[in-house]
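A.B. asks: Got a file for you: my_file-v6.tsv, TSV, C-alpha atoms.
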```tsv
chain	number	residue	atom	x	y	z
A	3	MET	CA	45.81	48.46	4.61
A	4	LYS	CA	45.08	44.89	5.63
A	5	TYR	CA	46.33	43.54	8.95
A	6	ILE	CA	46.84	40.24	10.73
A	7	VAL	CA	47.03	38.65	14.15
A	8	TYR	CA	50.53	37.25	14.61
A	9	LEU	CA	51.93	34.66	17.13
A	10	LEU	CA	52.16	36.58	20.38
A	11	PHE	CA	55.48	35.11	21.29
A	12	VAL	CA	57.19	37.20	18.63
A	13	ALA	CA	55.02	40.27	18.91
A	14	THR	CA	55.70	41.11	22.55
A	15	CYS	CA	59.21	39.92	23.33
A	16	SER	CA	62.24	42.20	23.46
A	17	LEU	CA	64.06	43.20	20.30
A	18	TYR	CA	66.78	40.62	20.87
A	19	ALA	CA	64.46	37.84	22.10
A	20	GLY	CA	64.09	35.22	19.39
A	21	GLY	CA	67.51	35.91	17.85
A	22	PRO	CA	70.65	33.71	17.88
A	23	TRP	CA	72.36	35.54	20.76
A	24	ALA	CA	72.96	33.70	24.02
A	25	ASN	CA	72.05	35.21	27.39
A	26	GLY	CA	75.21	33.95	29.08
A	27	LYS	CA	75.33	31.72	32.14
A	28	GLY	CA	73.17	33.03	34.97
A	29	HIS	CA	71.69	35.88	32.92
A	30	GLY	CA	68.05	36.14	31.94
A	31	TYR	CA	65.10	38.13	30.73
A	32	ALA	CA	61.46	38.22	31.94
A	33	GLN	CA	58.48	40.07	30.55
A	34	VAL	CA	54.79	40.67	31.20
A	35	GLY	CA	52.94	41.54	28.00
A	36	VAL	CA	49.54	42.14	26.43
A	37	SER	CA	48.21	41.87	22.87
A	38	LEU	CA	44.90	43.41	21.75
A	39	ASN	CA	42.92	42.54	18.63
A	40	TYR	CA	39.38	43.12	17.35
A	41	TYR	CA	38.28	41.79	13.96
A	42	ASN	CA	35.23	41.00	11.85
A	43	ARG	CA	36.93	39.81	8.67
A	44	VAL	CA	39.40	37.02	7.87
A	45	PHE	CA	41.71	36.31	4.95
A	46	ALA	CA	40.50	33.39	2.83
A	47	PRO	CA	41.22	31.90	-0.61
A	48	GLY	CA	39.69	34.15	-3.23
A	49	GLY	CA	39.21	37.17	-0.94
A	50	ASN	CA	38.32	38.26	2.57
A	51	ILE	CA	35.27	36.86	4.38
A	52	THR	CA	33.06	38.83	6.79
A	53	LEU	CA	32.30	36.91	9.98
A	54	ASN	CA	28.82	36.47	11.45
A	55	ARG	CA	30.01	38.13	14.67
A	56	ALA	CA	33.02	40.34	15.45
A	57	VAL	CA	35.64	38.80	17.72
A	58	GLN	CA	37.57	40.45	20.57
A	59	ASP	CA	40.83	38.53	21.11
A	60	ASN	CA	43.05	39.73	23.96
A	61	THR	CA	46.08	37.89	25.31
A	62	TYR	CA	48.03	38.45	28.52
A	63	GLN	CA	51.35	36.64	28.72
A	64	LEU	CA	54.45	35.86	30.69
A	65	TYR	CA	57.73	35.23	28.89
A	66	GLY	CA	61.15	34.34	30.25
A	67	GLU	CA	64.67	33.37	29.16
A	68	TYR	CA	67.54	32.04	31.28
A	69	GLY	CA	71.14	31.17	30.41
A	70	VAL	CA	71.93	27.71	31.80
A	71	THR	CA	75.43	27.89	30.33
A	72	ASP	CA	77.21	30.42	28.13
A	73	LYS	CA	75.83	28.58	25.09
A	74	LEU	CA	72.51	27.11	26.26
A	75	SER	CA	69.42	29.20	27.04
A	76	LEU	CA	65.97	28.00	28.10
A	77	MET	CA	62.76	29.91	27.33
A	78	GLY	CA	59.13	29.69	28.42
A	79	PHE	CA	55.91	31.41	27.33
A	80	VAL	CA	52.54	31.31	29.16
A	81	PRO	CA	49.56	33.01	27.44
A	82	PHE	CA	46.16	33.68	29.03
A	83	LYS	CA	43.40	34.36	26.51
A	84	SER	CA	40.28	36.52	26.92
A	85	LEU	CA	37.87	36.00	24.01
A	86	ARG	CA	34.44	37.45	23.25
A	87	THR	CA	32.06	37.54	20.29
A	88	ALA	CA	29.96	40.65	19.75
A	89	ASP	CA	26.22	41.16	19.75
A	90	PRO	CA	24.40	42.13	17.52
A	91	PRO	CA	25.50	40.00	14.54
A	92	ILE	CA	26.83	41.44	11.29
A	93	GLY	CA	24.12	41.63	8.60
A	94	ASN	CA	21.52	38.82	8.51
A	95	PRO	CA	23.59	35.63	8.68
A	96	THR	CA	22.25	32.08	8.60
A	97	ASN	CA	23.51	29.35	10.96
A	98	LEU	CA	24.30	32.05	13.54
A	99	LEU	CA	26.15	30.95	16.70
A	100	PRO	CA	25.19	32.48	20.08
A	101	SER	CA	27.42	35.29	21.33
A	102	GLY	CA	29.54	34.68	24.42
A	103	SER	CA	32.97	34.75	26.02
A	104	LEU	CA	35.76	32.39	27.03
A	105	ASN	CA	38.80	32.89	29.28
A	106	GLY	CA	41.59	30.37	29.67
A	107	LEU	CA	45.18	29.37	29.08
A	108	GLY	CA	46.49	29.15	25.54
A	109	ASN	CA	49.32	27.08	24.07
A	110	ILE	CA	52.00	27.17	26.78
A	111	SER	CA	55.39	26.86	25.09
A	112	PHE	CA	59.00	26.21	26.07
A	113	ALA	CA	62.25	26.04	24.14
A	114	GLY	CA	65.96	25.42	24.31
A	115	LYS	CA	68.47	27.40	22.22
A	116	TYR	CA	72.11	26.39	21.78
A	117	THR	CA	74.92	28.47	20.24
A	118	LEU	CA	76.58	26.68	17.33
A	119	TYR	CA	78.89	29.46	16.13
A	120	ASP	CA	79.75	32.74	17.84
A	121	LYS	CA	82.16	34.88	15.82
A	122	ASN	CA	81.26	37.76	13.48
A	123	ILE	CA	78.17	35.77	12.55
A	124	HIS	CA	76.11	34.17	15.33
A	125	VAL	CA	74.38	30.84	14.62
A	126	ALA	CA	72.15	28.89	16.99
A	127	GLY	CA	69.91	25.84	16.90
A	128	GLN	CA	66.58	25.89	18.69
A	129	LEU	CA	63.86	23.40	19.58
A	130	LEU	CA	60.48	24.90	20.48
A	131	ILE	CA	57.72	22.76	22.02
A	132	GLU	CA	54.21	24.19	21.86
A	133	SER	CA	51.75	22.41	24.14
A	134	GLY	CA	48.17	21.53	23.24
A	135	VAL	CA	46.79	23.40	26.27
A	136	ASN	CA	43.54	25.12	25.27
A	137	SER	CA	39.93	25.70	26.31
A	138	LEU	CA	37.00	25.25	23.94
A	139	LYS	CA	33.36	26.36	23.82
A	140	ASN	CA	32.29	24.82	20.53
A	141	ASP	CA	28.68	26.04	20.86
A	142	ILE	CA	29.88	29.66	20.50
A	143	GLY	CA	32.96	28.92	18.35
A	144	LEU	CA	35.64	30.08	20.79
A	145	ARG	CA	38.98	28.37	21.49
A	146	THR	CA	42.06	29.68	23.33
A	147	GLY	CA	44.73	27.74	21.42
A	148	TYR	CA	45.46	25.00	18.92
A	149	ALA	CA	44.19	21.57	19.99
A	150	SER	CA	47.57	20.23	18.99
A	151	TRP	CA	51.11	19.83	20.28
A	152	ALA	CA	53.93	21.02	18.04
A	153	ALA	CA	57.70	20.43	17.88
A	154	VAL	CA	59.53	23.16	15.96
A	155	PRO	CA	63.26	22.71	15.26
A	156	SER	CA	64.86	25.80	13.74
A	157	ILE	CA	68.14	27.46	12.79
A	158	LEU	CA	68.86	31.11	13.65
A	159	ALA	CA	71.64	33.29	12.24
A	160	GLY	CA	72.46	36.95	12.77
A	161	ALA	CA	75.01	39.71	13.28
A	162	SER	CA	75.16	42.92	15.31
A	163	SER	CA	77.15	46.13	15.83
A	164	ASN	CA	76.87	49.17	18.08
A	165	LYS	CA	74.04	50.60	15.99
A	166	PHE	CA	72.49	47.74	14.04
A	167	TYR	CA	71.49	44.11	14.36
A	168	GLY	CA	69.74	41.61	12.11
A	169	PHE	CA	68.82	37.95	12.16
A	170	VAL	CA	66.86	35.29	10.30
A	171	ASN	CA	65.05	32.25	11.69
A	172	ALA	CA	63.88	29.24	9.67
A	173	GLY	CA	62.00	26.29	11.15
A	174	TYR	CA	59.57	23.44	10.53
A	175	ALA	CA	56.62	22.61	12.80
A	176	PHE	CA	55.57	18.98	13.29
A	177	ARG	CA	51.99	18.84	14.69
A	178	SER	CA	49.80	16.24	16.40
A	179	ASN	CA	46.03	15.51	16.35
A	180	GLY	CA	45.64	15.72	12.59
A	181	TYR	CA	46.83	19.32	12.21
A	182	SER	CA	48.92	20.26	9.19
A	183	GLU	CA	52.67	20.78	9.48
A	184	GLU	CA	54.12	24.24	8.87
A	185	VAL	CA	57.18	26.02	7.50
A	186	ARG	CA	58.08	29.13	9.52
A	187	GLY	CA	60.47	31.94	8.66
A	188	ASP	CA	61.33	35.29	10.24
A	189	LEU	CA	63.55	38.28	9.46
A	190	GLU	CA	64.28	41.13	11.88
A	191	ILE	CA	66.43	44.24	11.41
A	192	GLY	CA	67.01	46.68	14.26
A	193	TYR	CA	68.56	50.13	14.67
A	194	LYS	CA	69.73	51.89	17.84
A	195	ALA	CA	68.14	55.33	17.43
A	196	ALA	CA	69.29	56.64	20.83
A	197	LYS	CA	71.25	55.47	23.85
A	198	THR	CA	68.42	53.34	25.27
A	199	PHE	CA	65.99	53.29	22.34
A	200	TRP	CA	65.75	50.62	19.64
A	201	LEU	CA	63.59	50.46	16.51
A	202	ALA	CA	63.08	47.22	14.56
A	203	LEU	CA	61.39	46.13	11.34
A	204	VAL	CA	60.10	42.56	11.35
A	205	PHE	CA	58.86	40.12	8.69
A	206	ASN	CA	57.14	36.90	9.80
A	207	ASN	CA	55.87	34.01	7.70
A	208	LYS	CA	54.02	30.75	8.30
A	209	PHE	CA	53.08	28.39	5.46
A	210	SER	CA	50.85	25.37	5.97
A	211	MET	CA	51.78	22.10	4.27
A	212	LYS	CA	48.03	21.35	4.11
A	213	ASN	CA	48.56	17.71	5.04
A	214	GLY	CA	46.17	17.62	8.02
A	215	THR	CA	42.80	15.93	8.48
A	216	VAL	CA	41.26	17.77	11.46
A	217	SER	CA	37.66	19.07	11.31
A	218	GLU	CA	37.15	22.42	13.05
A	219	GLY	CA	33.43	22.50	13.93
A	220	ASN	CA	31.99	25.86	14.99
A	221	VAL	CA	35.44	27.43	15.51
A	222	ALA	CA	35.54	27.88	11.73
A	223	GLN	CA	33.11	30.81	12.23
A	224	THR	CA	35.65	32.75	14.35
A	225	ALA	CA	38.95	31.59	12.74
A	226	LEU	CA	40.47	31.03	16.18
A	227	TYR	CA	43.36	28.54	15.95
A	228	VAL	CA	42.02	26.60	12.97
A	229	ASN	CA	43.98	24.23	10.77
A	230	ASN	CA	45.92	25.45	7.71
A	231	GLN	CA	46.35	29.05	8.89
A	232	MET	CA	49.03	30.91	6.90
A	233	TYR	CA	50.35	34.46	6.77
A	234	SER	CA	53.08	36.78	5.55
A	235	ALA	CA	53.28	39.78	7.87
A	236	TRP	CA	55.39	42.79	8.65
A	237	GLY	CA	55.66	44.78	11.86
A	238	ILE	CA	57.39	47.57	13.72
A	239	LYS	CA	58.78	47.14	17.24
A	240	LEU	CA	60.06	49.80	19.61
A	241	ALA	CA	61.97	49.23	22.85
A	242	LYS	CA	63.05	51.76	25.49
A	243	GLY	CA	65.37	50.91	28.35
A	244	ILE	CA	64.61	52.36	31.78
A	245	GLY	CA	67.82	52.14	33.75
A	246	GLU	CA	70.08	49.14	33.32
A	247	LYS	CA	67.57	46.36	33.99
A	248	PHE	CA	64.04	47.52	33.15
A	249	GLY	CA	62.38	48.58	29.92
A	250	ILE	CA	59.21	48.71	27.86
A	251	ASN	CA	58.41	47.72	24.30
A	252	VAL	CA	55.48	48.13	21.92
A	253	SER	CA	54.73	46.72	18.48
A	254	ALA	CA	52.14	46.67	15.72
A	255	TYR	CA	51.75	44.12	12.92
A	256	GLY	CA	50.16	44.14	9.46
A	257	ALA	CA	49.89	41.58	6.68
A	258	PHE	CA	50.25	41.53	2.93
A	259	ALA	CA	48.99	37.92	2.52
A	260	GLY	CA	47.13	35.38	4.61
A	261	ASP	CA	44.71	32.47	4.78
A	262	LEU	CA	42.17	31.70	7.54
A	263	VAL	CA	43.55	34.42	9.85
A	264	ALA	CA	42.11	37.67	11.15
A	265	ALA	CA	42.23	40.74	8.91
A	266	ALA	CA	42.50	43.39	11.63
A	267	PRO	CA	45.30	45.23	13.46
A	268	THR	CA	47.09	43.74	16.44
A	269	PHE	CA	48.79	46.01	19.00
A	270	ASN	CA	51.22	44.70	21.60
A	271	GLY	CA	53.11	45.98	24.60
A	272	GLY	CA	55.26	44.71	27.43
A	273	VAL	CA	57.36	45.57	30.46
A	274	TYR	CA	60.60	43.63	30.88
A	275	TYR	CA	63.33	42.99	33.42
A	276	LYS	CA	66.78	41.63	32.57
A	277	TRP	CA	69.68	40.51	34.72
```
Here is a file; write its structure as structure tokens.
C.D. replies:
Amino acid sequence: MKYIVYLLFVATCSLYAGGPWANGKGHGYAQVGVSLNYYNRVFAPGGNITLNRAVQDNTYQLYGEYGVTDKLSLMGFVPFKSLRTADPPIGNPTNLLPSGSLNGLGNISFAGKYTLYDKNIHVAGQLLIESGVNSLKNDIGLRTGYASWAAVPSILAGASSNKFYGFVNAGYAFRSNGYSEEVRGDLEIGYKAAKTFWLALVFNNKFSMKNGTVSEGNVAQTALYVNNQMYSAWGIKLAKGIGEKFGINVSAYGAFAGDLVAAAPTFNGGVYYKW
């Protein structure tokens, strides 16, 4: 089975985070999470490519939502990246970069979500802003985020019952600094398996418009936040409530298609508090 690194925002948030449901005025959600990934191959046109060095890519993040009104919620996401390339190299590569490590902030993001319709079907509009915050060590090919800002308007629609919920999310990412624009789409279906236990199946997609002009330099050897990355991925998420306000969640993601992204498993977990 082939696997993929997916955007950490989706991988570690609660089962309902990212859907069209409003928090309600004065209510919120906060989470501390981690995502772990180790890979030595990437998806590429025509087949997978083995890297010169394996890459350890760990992310530690803070995520929060808050209901400003009954219809408007604000969200923020702060990732801290810990990257390392392995020694010795794989095989006998030419043009080998030195091994090394890099720690730093990734693409800090914030968003606003507004309820457009709230009957049997819930519909919301969202605007996500992804900052260009990143650190770069080009001599060893490591970068903690895209060197680009992005504005991502999207529409979310879903429905829920006592036992099930489901939603879809479709958006378009406008990027700066010569990076290609993207079409994004998500589908999530969840089931309440026990009183405080939820199970969800997730499908995530990102398709590059391939209209950028940026040159990646040595980061092309690690496939860390390069231009024209694309994927179609599926995942499983589990969430367990602990009392009325606390809980934990875990997830794992795999891919069935991709381009210029890691071909290795990503495992995620988080502890949340809601009020």
A.B. asks: Pick out the residues sitting within 9 Å of Tyr193 in chain A, and hand them over as a list of chain:residue names; count all atoms listed in the file, and ignore anything fewer than 5 positions along from it in its own chain.
C.D. replies: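 The filter keeps A:Lys165, A:Phe166, A:Tyr167, A:Gly168, A:Phe199, A:Trp200, A:Leu201, A:Ala202, A:Leu203.
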A.B. asks: Point out the residue among A:Thr87, A:Ser162, A:Gln231, A:Asn94 with the least atom-to-atom distance to Lys139 in chain A, counting all atoms listed in the file.
C.D. replies: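 Under the stated criterion, the closest residue is A:Thr87.
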A.B. asks: For Arg177 in chain A, list every protein, DNA or RNA residue within 8 Å, evaluated using only C-alpha atoms, and leave out those in the same chain fewer than 2 positions away; present the list as a list in words.
C.D. replies: Ser150, Trp151, Ala152, Ala153, Ala175, Asn179, Gly180, Tyr181, Ser182 and Glu183 of chain A
A.B. asks: Provide an axis-aligned box for all listed atoms of range 203-214 of chain A, padding each side by 3 Å; report its centre and its edge lengths in Å to one decimal, as AutoDock Vina command-line options.
C.D. replies:
```
--center_x 53.8 --center_y 31.9 --center_z 7.7 --size_x 21.2 --size_y 34.5 --size_z 13.2
```
A.B. asks: Give me, please, the distance in Å between CA of Phe169 in chain A and CA of Lys27 in chain A, quoted to one decimal.
C.D. replies: 21.9 Å
A.B. asks: Would you mind telling me which residue in A:Ser210, A:Asn164, A:Ser253, A:Thr117 lies nearest to Gly272 in chain A when using all atoms listed in the file?
C.D. replies: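 Under the stated criterion, the closest residue is A:Ser253.
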A.B. asks: If you count all atoms listed in the file, which residues fall within 12 Å of Asp261 in chain A, apart from same-chain ones fewer than 4 positions away, as an MDAnalysis selection string?
C.D. replies: chainID A and resid 5:7 43:51 207:210 212 225 227:235 257 265
A.B. asks: List the spatial neighbours of Ser37 in chain A as a PyMOL selection string - criterion: any atom at most 6 Å away, only C-alpha atoms, same-chain residues fewer than 6 positions off excluded.
C.D. replies: chain A and resi 60-61+269-270
A.B. asks: Since we have the selection now, will you write its residues out, keeping C-alpha atoms, as an mmCIF file, in the frame of the given file?
C.D. replies:
```cif
data_model
loop_
_atom_site.group_PDB
_atom_site.id
_atom_site.type_symbol
_atom_site.label_atom_id
_atom_site.label_comp_id
_atom_site.auth_asym_id
_atom_site.auth_seq_id
_atom_site.Cartn_x
_atom_site.Cartn_y
_atom_site.Cartn_z
ATOM 1 C CA ASN A 60 43.050 39.730 23.960
ATOM 2 C CA THR A 61 46.080 37.890 25.310
ATOM 3 C CA PHE A 269 48.790 46.010 19.000
ATOM 4 C CA ASN A 270 51.220 44.700 21.600
#
```
A.B. asks: Which neighbours of Asn39 in chain A fall inside 12 Å, counting only C-alpha atoms, when residues of the same chain fewer than 6 positions from it are skipped, and could you give them as a PDB file with C-alpha atoms, in the frame of the given file?
C.D. replies:
```pdb
ATOM      1  CA  TYR A   5      46.330  43.540   8.950  1.00  0.00           C
ATOM      2  CA  ILE A   6      46.840  40.240  10.730  1.00  0.00           C
ATOM      3  CA  VAL A   7      47.030  38.650  14.150  1.00  0.00           C
ATOM      4  CA  TYR A   8      50.530  37.250  14.610  1.00  0.00           C
ATOM      5  CA  LEU A  10      52.160  36.580  20.380  1.00  0.00           C
ATOM      6  CA  ALA A  56      33.020  40.340  15.450  1.00  0.00           C
ATOM      7  CA  VAL A  57      35.640  38.800  17.720  1.00  0.00           C
ATOM      8  CA  GLN A  58      37.570  40.450  20.570  1.00  0.00           C
ATOM      9  CA  ASP A  59      40.830  38.530  21.110  1.00  0.00           C
ATOM     10  CA  ASN A  60      43.050  39.730  23.960  1.00  0.00           C
ATOM     11  CA  THR A  61      46.080  37.890  25.310  1.00  0.00           C
ATOM     12  CA  TYR A  62      48.030  38.450  28.520  1.00  0.00           C
ATOM     13  CA  LYS A  83      43.400  34.360  26.510  1.00  0.00           C
ATOM     14  CA  SER A  84      40.280  36.520  26.920  1.00  0.00           C
ATOM     15  CA  LEU A  85      37.870  36.000  24.010  1.00  0.00           C
ATOM     16  CA  ARG A  86      34.440  37.450  23.250  1.00  0.00           C
ATOM     17  CA  ALA A 254      52.140  46.670  15.720  1.00  0.00           C
ATOM     18  CA  TYR A 255      51.750  44.120  12.920  1.00  0.00           C
ATOM     19  CA  GLY A 256      50.160  44.140   9.460  1.00  0.00           C
ATOM     20  CA  VAL A 263      43.550  34.420   9.850  1.00  0.00           C
ATOM     21  CA  ALA A 264      42.110  37.670  11.150  1.00  0.00           C
ATOM     22  CA  ALA A 265      42.230  40.740   8.910  1.00  0.00           C
ATOM     23  CA  ALA A 266      42.500  43.390  11.630  1.00  0.00           C
ATOM     24  CA  PRO A 267      45.300  45.230  13.460  1.00  0.00           C
ATOM     25  CA  THR A 268      47.090  43.740  16.440  1.00  0.00           C
ATOM     26  CA  PHE A 269      48.790  46.010  19.000  1.00  0.00           C
ATOM     27  CA  ASN A 270      51.220  44.700  21.600  1.00  0.00           C
TER      28      ASN A 270
END
```
A.B. asks: What is the distance between CA of Gln223 in chain A and CA of Arg55 in chain A, in Å to one decimal?
C.D. replies: 8.3 Å
A.B. asks: What does the distance from CA of Tyr174 in chain A to CA of Pro155 in chain A come to in Å, to one decimal?
C.D. replies: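 Rounded to one decimal, the two atoms are 6.0 Å apart.
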A.B. asks: Nearest to Gly102 in chain A among A:Leu144, A:Ile123, A:Leu38, A:Leu129, with distances taken over all atoms listed in the file: which residue is it?
C.D. replies: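 Smallest distance to Gly102 in chain A is found for A:Leu144.
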A.B. asks: Using all atoms listed in the file, can you tell me which of A:Leu240, A:Leu99, A:Ala88, A:Ala24 comes closest to Gly219 in chain A?
C.D. replies: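 For Gly219 in chain A, the nearest of the given residues is A:Leu99.
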A.B. asks: Ranking A:Gly106, A:Gly249, A:Gly173, A:Gly243 by minimum distance to Lys194 in chain A and counting only C-alpha atoms, which one comes first?
C.D. replies: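 Of the candidates, the smallest distance to Lys194 in chain A is held by A:Gly243.
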A.B. asks: Counting all atoms listed in the file, which residue out of A:Tyr68, A:Ser133, A:Ile92, A:Phe79 sits closest to Asn109 in chain A?
C.D. replies: A:Ser133
A.B. asks: Please work out which residues fall within 10 Å of (77.6, 29.4, 24.2), coordinates as given in the file, with all atoms listed in the file counting, and return them as a list in words.
C.D. replies: Trp23, Ala24, Asn25, Gly26, Lys27, Gly69, Val70, Thr71, Asp72, Lys73, Leu74, Ser75, Lys115, Tyr116, Thr117, Leu118, Tyr119, Asp120 and Ala126 of chain A
